[in-house]
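Report on one structure; see the data block that follows.
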Amino acid sequence: MPMNHQVHSFSLAESASLVPFTIFIVGYVVLSAISSRTYRPLPWYCYLCWILGVLCLLASVVGPIASRSHTDFTAHMIVHLLLGMLAPLLFTLAAPMTLILRTLGVNQARLLTRVLRSGLFQFLHNPLTAAVLNMGGLWVLYTTDLYSLMHQHHILHVLVHVHVFLAGYLFTSSMLLIDPAPHRASFQYRTLVLLAALAGHGILSKHLYAHPPAGVPAAQAEFGSMLMYYGGDIIDAILIFLLFTEWYRASRPRHRLRTLTAE
């Protein structure tokens, strides 16, 4: 079913919800300015990624796409791509944990570092755990009654959106170790988990094409599942490129050393 292109007028509540997103952007810029007094400034693309990531979150919860997603599966899938895949990738590239550690006081930074080194964080940030939370949550959402229930209960709707974003961010940050990560998984392990997760995402999108959630019209299910499949592939391709670029850069000095030794 084609989406109805109508002008969306923001309500007072939606306008008020713009405030925290504005704070996120201003806060990042302010913290970056504070950090630059002591450390080398963050690259320009970090600012761009952070702003674009915040805009992805904003479009997922406020505006025409967010409103339409309650009744249109295609719009819902756009929200899924923005909230669960693109925004987490952009936030990961913005290196927020690095920025936070740079701006905290010594005692606070040590406390945060202890949390990052804890067994619980090691378990959650393990690529396999993150993949299960991310992909497993999507399978539960779309193959049970949860999808229809989330549109009937506002709190459940919010909780599902929070899980989709946090699970997506946890998974992406476990793949691309841009921020400090005391427990660094090997490239081989991350690659295997990533390939398995990509396969699970592709299988789920094909499953939704033939077996949509209850109440979703067949036309919306077909278009939405194709959007999930091909849109997800584009974001996954970027993720694969970044992972292998990191791998190449990490292995290149050792390769040169072996070459010089052999000569």
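Each chain of the structure tokens is named A, B, ... in the order shown, its residues numbered from 1; ligands are numbered from 1 in display order.
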### Message
Give me, as a list in words, all polymer residues having an atom no more than 10 Å from region 98-100 of chain A, counting only C-alpha atoms and skipping those fewer than 3 positions away in the same chain.
### Response
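So, after excluding close chain neighbours, the residues are Tyr28, Leu31, Ser32, Ile34, Ser35, Ser36, Tyr39, Pro41, Leu42, Ala94, Ala95, Thr103, Leu104, Gly105, Ala109, Leu112, Ile178, Asp179 and Pro180 of chain A.
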May I have the selected residues written with N, CA, C and O atoms, as a PDB file, in the first residue's frame?
ATOM      1  N   TYR A  28      27.091  17.301  22.767  1.00  0.00           N
ATOM      2  CA  TYR A  28      28.255  16.687  22.107  1.00  0.00           C
ATOM      3  C   TYR A  28      29.257  17.754  21.688  1.00  0.00           C
ATOM      4  O   TYR A  28      30.479  17.584  21.876  1.00  0.00           O
ATOM      5  N   LEU A  31      30.970  19.184  24.915  1.00  0.00           N
ATOM      6  CA  LEU A  31      31.958  18.240  25.443  1.00  0.00           C
ATOM      7  C   LEU A  31      33.181  18.149  24.537  1.00  0.00           C
ATOM      8  O   LEU A  31      34.315  18.012  25.018  1.00  0.00           O
ATOM      9  N   SER A  32      32.975  18.223  23.229  1.00  0.00           N
ATOM     10  CA  SER A  32      34.103  18.194  22.301  1.00  0.00           C
ATOM     11  C   SER A  32      34.997  19.416  22.483  1.00  0.00           C
ATOM     12  O   SER A  32      36.226  19.315  22.427  1.00  0.00           O
ATOM     13  N   ILE A  34      35.362  21.116  25.275  1.00  0.00           N
ATOM     14  CA  ILE A  34      36.086  20.925  26.531  1.00  0.00           C
ATOM     15  C   ILE A  34      37.234  19.943  26.343  1.00  0.00           C
ATOM     16  O   ILE A  34      38.354  20.157  26.822  1.00  0.00           O
ATOM     17  N   SER A  35      36.959  18.851  25.615  1.00  0.00           N
ATOM     18  CA  SER A  35      37.981  17.833  25.384  1.00  0.00           C
ATOM     19  C   SER A  35      39.151  18.386  24.568  1.00  0.00           C
ATOM     20  O   SER A  35      40.308  18.002  24.789  1.00  0.00           O
ATOM     21  N   SER A  36      38.852  19.283  23.638  1.00  0.00           N
ATOM     22  CA  SER A  36      39.896  19.812  22.747  1.00  0.00           C
ATOM     23  C   SER A  36      40.924  20.657  23.485  1.00  0.00           C
ATOM     24  O   SER A  36      42.006  20.924  22.951  1.00  0.00           O
ATOM     25  N   TYR A  39      43.057  17.323  24.690  1.00  0.00           N
ATOM     26  CA  TYR A  39      43.350  16.287  23.705  1.00  0.00           C
ATOM     27  C   TYR A  39      43.201  16.833  22.288  1.00  0.00           C
ATOM     28  O   TYR A  39      42.655  17.917  22.077  1.00  0.00           O
ATOM     29  N   PRO A  41      41.580  17.412  18.875  1.00  0.00           N
ATOM     30  CA  PRO A  41      40.147  17.483  18.538  1.00  0.00           C
ATOM     31  C   PRO A  41      39.685  16.248  17.766  1.00  0.00           C
ATOM     32  O   PRO A  41      40.456  15.656  16.998  1.00  0.00           O
ATOM     33  N   LEU A  42      38.452  15.876  17.976  1.00  0.00           N
ATOM     34  CA  LEU A  42      37.882  14.767  17.236  1.00  0.00           C
ATOM     35  C   LEU A  42      37.796  15.115  15.754  1.00  0.00           C
ATOM     36  O   LEU A  42      37.627  16.283  15.390  1.00  0.00           O
ATOM     37  N   ALA A  94      30.825   8.087  15.885  1.00  0.00           N
ATOM     38  CA  ALA A  94      31.032   9.359  16.591  1.00  0.00           C
ATOM     39  C   ALA A  94      31.870   9.206  17.856  1.00  0.00           C
ATOM     40  O   ALA A  94      32.257  10.214  18.463  1.00  0.00           O
ATOM     41  N   ALA A  95      32.157   7.975  18.268  1.00  0.00           N
ATOM     42  CA  ALA A  95      33.019   7.690  19.427  1.00  0.00           C
ATOM     43  C   ALA A  95      32.580   8.422  20.697  1.00  0.00           C
ATOM     44  O   ALA A  95      33.363   9.157  21.304  1.00  0.00           O
ATOM     45  N   THR A 103      36.368  13.892  29.033  1.00  0.00           N
ATOM     46  CA  THR A 103      35.830  15.053  29.732  1.00  0.00           C
ATOM     47  C   THR A 103      35.529  14.787  31.206  1.00  0.00           C
ATOM     48  O   THR A 103      35.314  15.731  31.960  1.00  0.00           O
ATOM     49  N   LEU A 104      35.501  13.525  31.616  1.00  0.00           N
ATOM     50  CA  LEU A 104      35.247  13.211  33.019  1.00  0.00           C
ATOM     51  C   LEU A 104      36.473  13.530  33.872  1.00  0.00           C
ATOM     52  O   LEU A 104      37.602  13.553  33.384  1.00  0.00           O
ATOM     53  N   GLY A 105      36.227  13.738  35.149  1.00  0.00           N
ATOM     54  CA  GLY A 105      37.333  13.871  36.083  1.00  0.00           C
ATOM     55  C   GLY A 105      38.048  12.543  36.259  1.00  0.00           C
ATOM     56  O   GLY A 105      37.557  11.486  35.832  1.00  0.00           O
ATOM     57  N   ALA A 109      36.362   8.968  35.660  1.00  0.00           N
ATOM     58  CA  ALA A 109      36.865   8.189  34.520  1.00  0.00           C
ATOM     59  C   ALA A 109      37.333   6.808  34.969  1.00  0.00           C
ATOM     60  O   ALA A 109      37.108   5.810  34.275  1.00  0.00           O
ATOM     61  N   LEU A 112      34.216   4.675  35.555  1.00  0.00           N
ATOM     62  CA  LEU A 112      33.646   4.220  34.283  1.00  0.00           C
ATOM     63  C   LEU A 112      34.517   3.139  33.666  1.00  0.00           C
ATOM     64  O   LEU A 112      33.998   2.165  33.098  1.00  0.00           O
ATOM     65  N   ILE A 178      35.804   1.165  17.962  1.00  0.00           N
ATOM     66  CA  ILE A 178      36.288   2.532  17.823  1.00  0.00           C
ATOM     67  C   ILE A 178      36.499   3.158  19.194  1.00  0.00           C
ATOM     68  O   ILE A 178      37.514   3.821  19.440  1.00  0.00           O
ATOM     69  N   ASP A 179      35.544   2.968  20.088  1.00  0.00           N
ATOM     70  CA  ASP A 179      35.689   3.437  21.460  1.00  0.00           C
ATOM     71  C   ASP A 179      36.559   2.473  22.258  1.00  0.00           C
ATOM     72  O   ASP A 179      36.764   1.322  21.843  1.00  0.00           O
ATOM     73  N   PRO A 180      37.078   2.913  23.428  1.00  0.00           N
ATOM     74  CA  PRO A 180      37.869   2.017  24.270  1.00  0.00           C
ATOM     75  C   PRO A 180      37.091   0.748  24.614  1.00  0.00           C
ATOM     76  O   PRO A 180      35.926   0.810  25.008  1.00  0.00           O
TER      77      PRO A 180
END
Contacts of Gly168 (chain A) at 7 Å (only C-alpha atoms; same-chain gap of 4+ positions) as a CSV table (one decimal) with C-alpha atoms, in the first residue's frame:
chain,number,residue,atom,x,y,z
A,84,GLY,CA,18.2,-0.3,14.8
A,85,MET,CA,20.8,-0.1,12.1
A,88,PRO,CA,23.7,2.8,15.9
A,134,ASN,CA,20.0,-7.7,18.5
A,164,VAL,CA,15.9,-2.0,19.2
A,172,THR,CA,27.6,-2.3,16.1
## Note on the structure
A straight line from CA of Leu170 (chain A) to CA of Asn126 (chain A) spans 9.1 Å
### Query
CA of Ala87 (chain A) and CA of Leu55 (chain A), how far apart in Å?
8.4 Å
Non-local contacts of His70 (chain A) (10 Å; only C-alpha atoms; under 3 positions in same chain excluded) as a compact mmCIF listing (two decimals) with all heavy atoms, in the first residue's frame:
# COMPACT_ATOMS: atom_id res chain seq x y z
N ILE A 65 6.92 9.94 9.52
CA ILE A 65 7.28 8.52 9.43
C ILE A 65 6.95 7.80 10.73
O ILE A 65 6.39 6.70 10.72
CB ILE A 65 8.78 8.37 9.09
CG1 ILE A 65 9.08 8.98 7.72
CG2 ILE A 65 9.19 6.90 9.11
CD1 ILE A 65 10.54 8.93 7.34
N ALA A 66 7.29 8.44 11.85
CA ALA A 66 7.00 7.83 13.15
C ALA A 66 5.50 7.65 13.35
O ALA A 66 5.04 6.61 13.84
CB ALA A 66 7.58 8.68 14.27
N SER A 67 4.72 8.65 12.97
CA SER A 67 3.26 8.56 13.12
C SER A 67 2.70 7.48 12.21
O SER A 67 1.82 6.70 12.61
CB SER A 67 2.62 9.91 12.81
OG SER A 67 3.07 10.91 13.70
N PHE A 73 3.19 -0.87 7.75
CA PHE A 73 4.36 -1.72 7.99
C PHE A 73 5.59 -1.20 7.25
O PHE A 73 6.72 -1.38 7.72
CB PHE A 73 4.06 -3.15 7.57
CG PHE A 73 5.12 -4.14 7.97
CD1 PHE A 73 5.31 -4.49 9.29
CD2 PHE A 73 5.93 -4.71 7.00
CE1 PHE A 73 6.30 -5.39 9.66
CE2 PHE A 73 6.91 -5.63 7.36
CZ PHE A 73 7.10 -5.97 8.69
N ALA A 75 6.35 1.99 6.68
CA ALA A 75 6.89 3.07 7.52
C ALA A 75 7.57 2.50 8.76
O ALA A 75 8.60 3.00 9.21
CB ALA A 75 5.79 4.05 7.91
N HIS A 76 6.96 1.46 9.34
CA HIS A 76 7.57 0.81 10.50
C HIS A 76 8.95 0.28 10.16
O HIS A 76 9.88 0.39 10.96
CB HIS A 76 6.68 -0.34 10.98
CG HIS A 76 7.36 -1.25 11.96
ND1 HIS A 76 7.43 -0.97 13.32
CD2 HIS A 76 8.03 -2.42 11.78
CE1 HIS A 76 8.11 -1.93 13.93
NE2 HIS A 76 8.48 -2.82 13.02
N SER A 148 1.97 -6.70 17.31
CA SER A 148 0.63 -6.11 17.43
C SER A 148 0.40 -5.51 18.81
O SER A 148 -0.25 -4.46 18.95
CB SER A 148 -0.44 -7.18 17.14
OG SER A 148 -0.33 -8.26 18.05
N MET A 150 2.64 -4.07 20.74
CA MET A 150 3.37 -2.82 20.93
C MET A 150 2.60 -1.62 20.38
O MET A 150 2.80 -0.49 20.82
CB MET A 150 4.76 -2.90 20.27
CG MET A 150 4.74 -2.97 18.76
SD MET A 150 6.41 -2.92 18.03
CE MET A 150 6.82 -1.19 18.22
N HIS A 151 1.72 -1.88 19.42
CA HIS A 151 0.92 -0.79 18.87
C HIS A 151 -0.37 -0.56 19.66
O HIS A 151 -1.11 0.39 19.37
CB HIS A 151 0.59 -1.08 17.41
CG HIS A 151 1.80 -1.10 16.51
ND1 HIS A 151 2.57 0.01 16.30
CD2 HIS A 151 2.38 -2.09 15.81
CE1 HIS A 151 3.58 -0.29 15.48
NE2 HIS A 151 3.47 -1.56 15.18
N GLN A 152 -0.60 -1.40 20.65
CA GLN A 152 -1.77 -1.23 21.51
C GLN A 152 -1.42 -0.63 22.87
O GLN A 152 -2.30 -0.10 23.55
CB GLN A 152 -2.46 -2.59 21.71
CG GLN A 152 -2.93 -3.24 20.42
CD GLN A 152 -3.44 -4.65 20.66
OE1 GLN A 152 -3.80 -5.01 21.79
NE2 GLN A 152 -3.48 -5.47 19.61
N HIS A 157 5.45 -0.06 23.47
CA HIS A 157 5.97 0.51 22.22
C HIS A 157 7.31 1.22 22.48
O HIS A 157 8.28 1.05 21.72
CB HIS A 157 4.95 1.48 21.64
CG HIS A 157 5.31 2.01 20.29
ND1 HIS A 157 6.05 3.15 20.11
CD2 HIS A 157 5.01 1.55 19.03
CE1 HIS A 157 6.21 3.38 18.82
NE2 HIS A 157 5.59 2.43 18.15
### Nearby residues (only C-alpha atoms) at most 10 Å from Ser225 (chain A), same-chain spacing under 2 positions excluded, as an NGL selection string
:A and (73-74 or 77 or 202 or 204-210 or 212 or 219-223 or 227-231)
### Task
Measuring atom to atom with only C-alpha atoms, identify which of A:Arg249, A:Arg114, A:Arg40, A:His201 is nearest to Gly232 (chain A).
A:His201
### d(CA of Ala214 (chain A), CA of Leu146 (chain A)) in Å
9.9 Å
### Task
Could you check which of A:Ala250, A:Leu90, A:Leu124, A:Ala199 is closest to Ile238 (chain A), using only C-alpha atoms?
A:Leu90
### Message
When DSSP is applied to the backbone of this structure, which of region 135-179 of chain A are assigned alpha helix (DSSP H)? Write them out as JSON, numbers by chain.
### Response
{"A": [135, 136, 137, 138, 139, 140, 141, 142, 143, 146, 147, 148, 149, 150, 154, 155, 156, 157, 158, 159, 160, 161, 162, 163, 164, 165, 166, 167, 168, 169, 170, 171, 172, 173, 174, 175]}
### Task
Could you check which of A:Leu128, A:Cys49, A:Leu111, A:Ala237 is closest to Tyr189 (chain A), using only C-alpha atoms?
A:Leu128
Polymer residues at most 12 Å from Phe121 (chain A), only C-alpha atoms, same-chain spacing of 3 or more positions, as an mmCIF file with C-alpha atoms, in the first residue's frame:
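around-v1.cif was written with the following content:
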data_model
loop_
_atom_site.group_PDB
_atom_site.id
_atom_site.type_symbol
_atom_site.label_atom_id
_atom_site.label_comp_id
_atom_site.auth_asym_id
_atom_site.auth_seq_id
_atom_site.Cartn_x
_atom_site.Cartn_y
_atom_site.Cartn_z
ATOM 1 C CA LEU A 112 33.646 4.220 34.283
ATOM 2 C CA THR A 113 36.733 2.264 33.248
ATOM 3 C CA ARG A 114 36.071 -0.280 36.006
ATOM 4 C CA VAL A 115 32.528 -0.680 34.684
ATOM 5 C CA LEU A 116 33.848 -1.244 31.164
ATOM 6 C CA ARG A 117 36.225 -3.892 32.506
ATOM 7 C CA SER A 118 33.567 -5.681 34.540
ATOM 8 C CA LEU A 124 27.132 -7.922 27.051
ATOM 9 C CA HIS A 125 29.778 -6.493 24.717
ATOM 10 C CA ASN A 126 30.769 -9.924 23.454
ATOM 11 C CA PRO A 127 29.858 -9.930 19.734
ATOM 12 C CA THR A 129 25.842 -11.887 23.029
ATOM 13 C CA ALA A 130 25.222 -8.604 21.255
ATOM 14 C CA LEU A 170 25.675 -2.723 21.375
ATOM 15 C CA SER A 174 31.091 -4.718 19.442
ATOM 16 C CA ALA A 181 37.118 -1.685 24.722
ATOM 17 C CA PRO A 182 39.148 -3.506 27.411
ATOM 18 C CA HIS A 183 37.902 -6.850 26.076
ATOM 19 C CA ARG A 184 38.733 -6.812 22.366
#
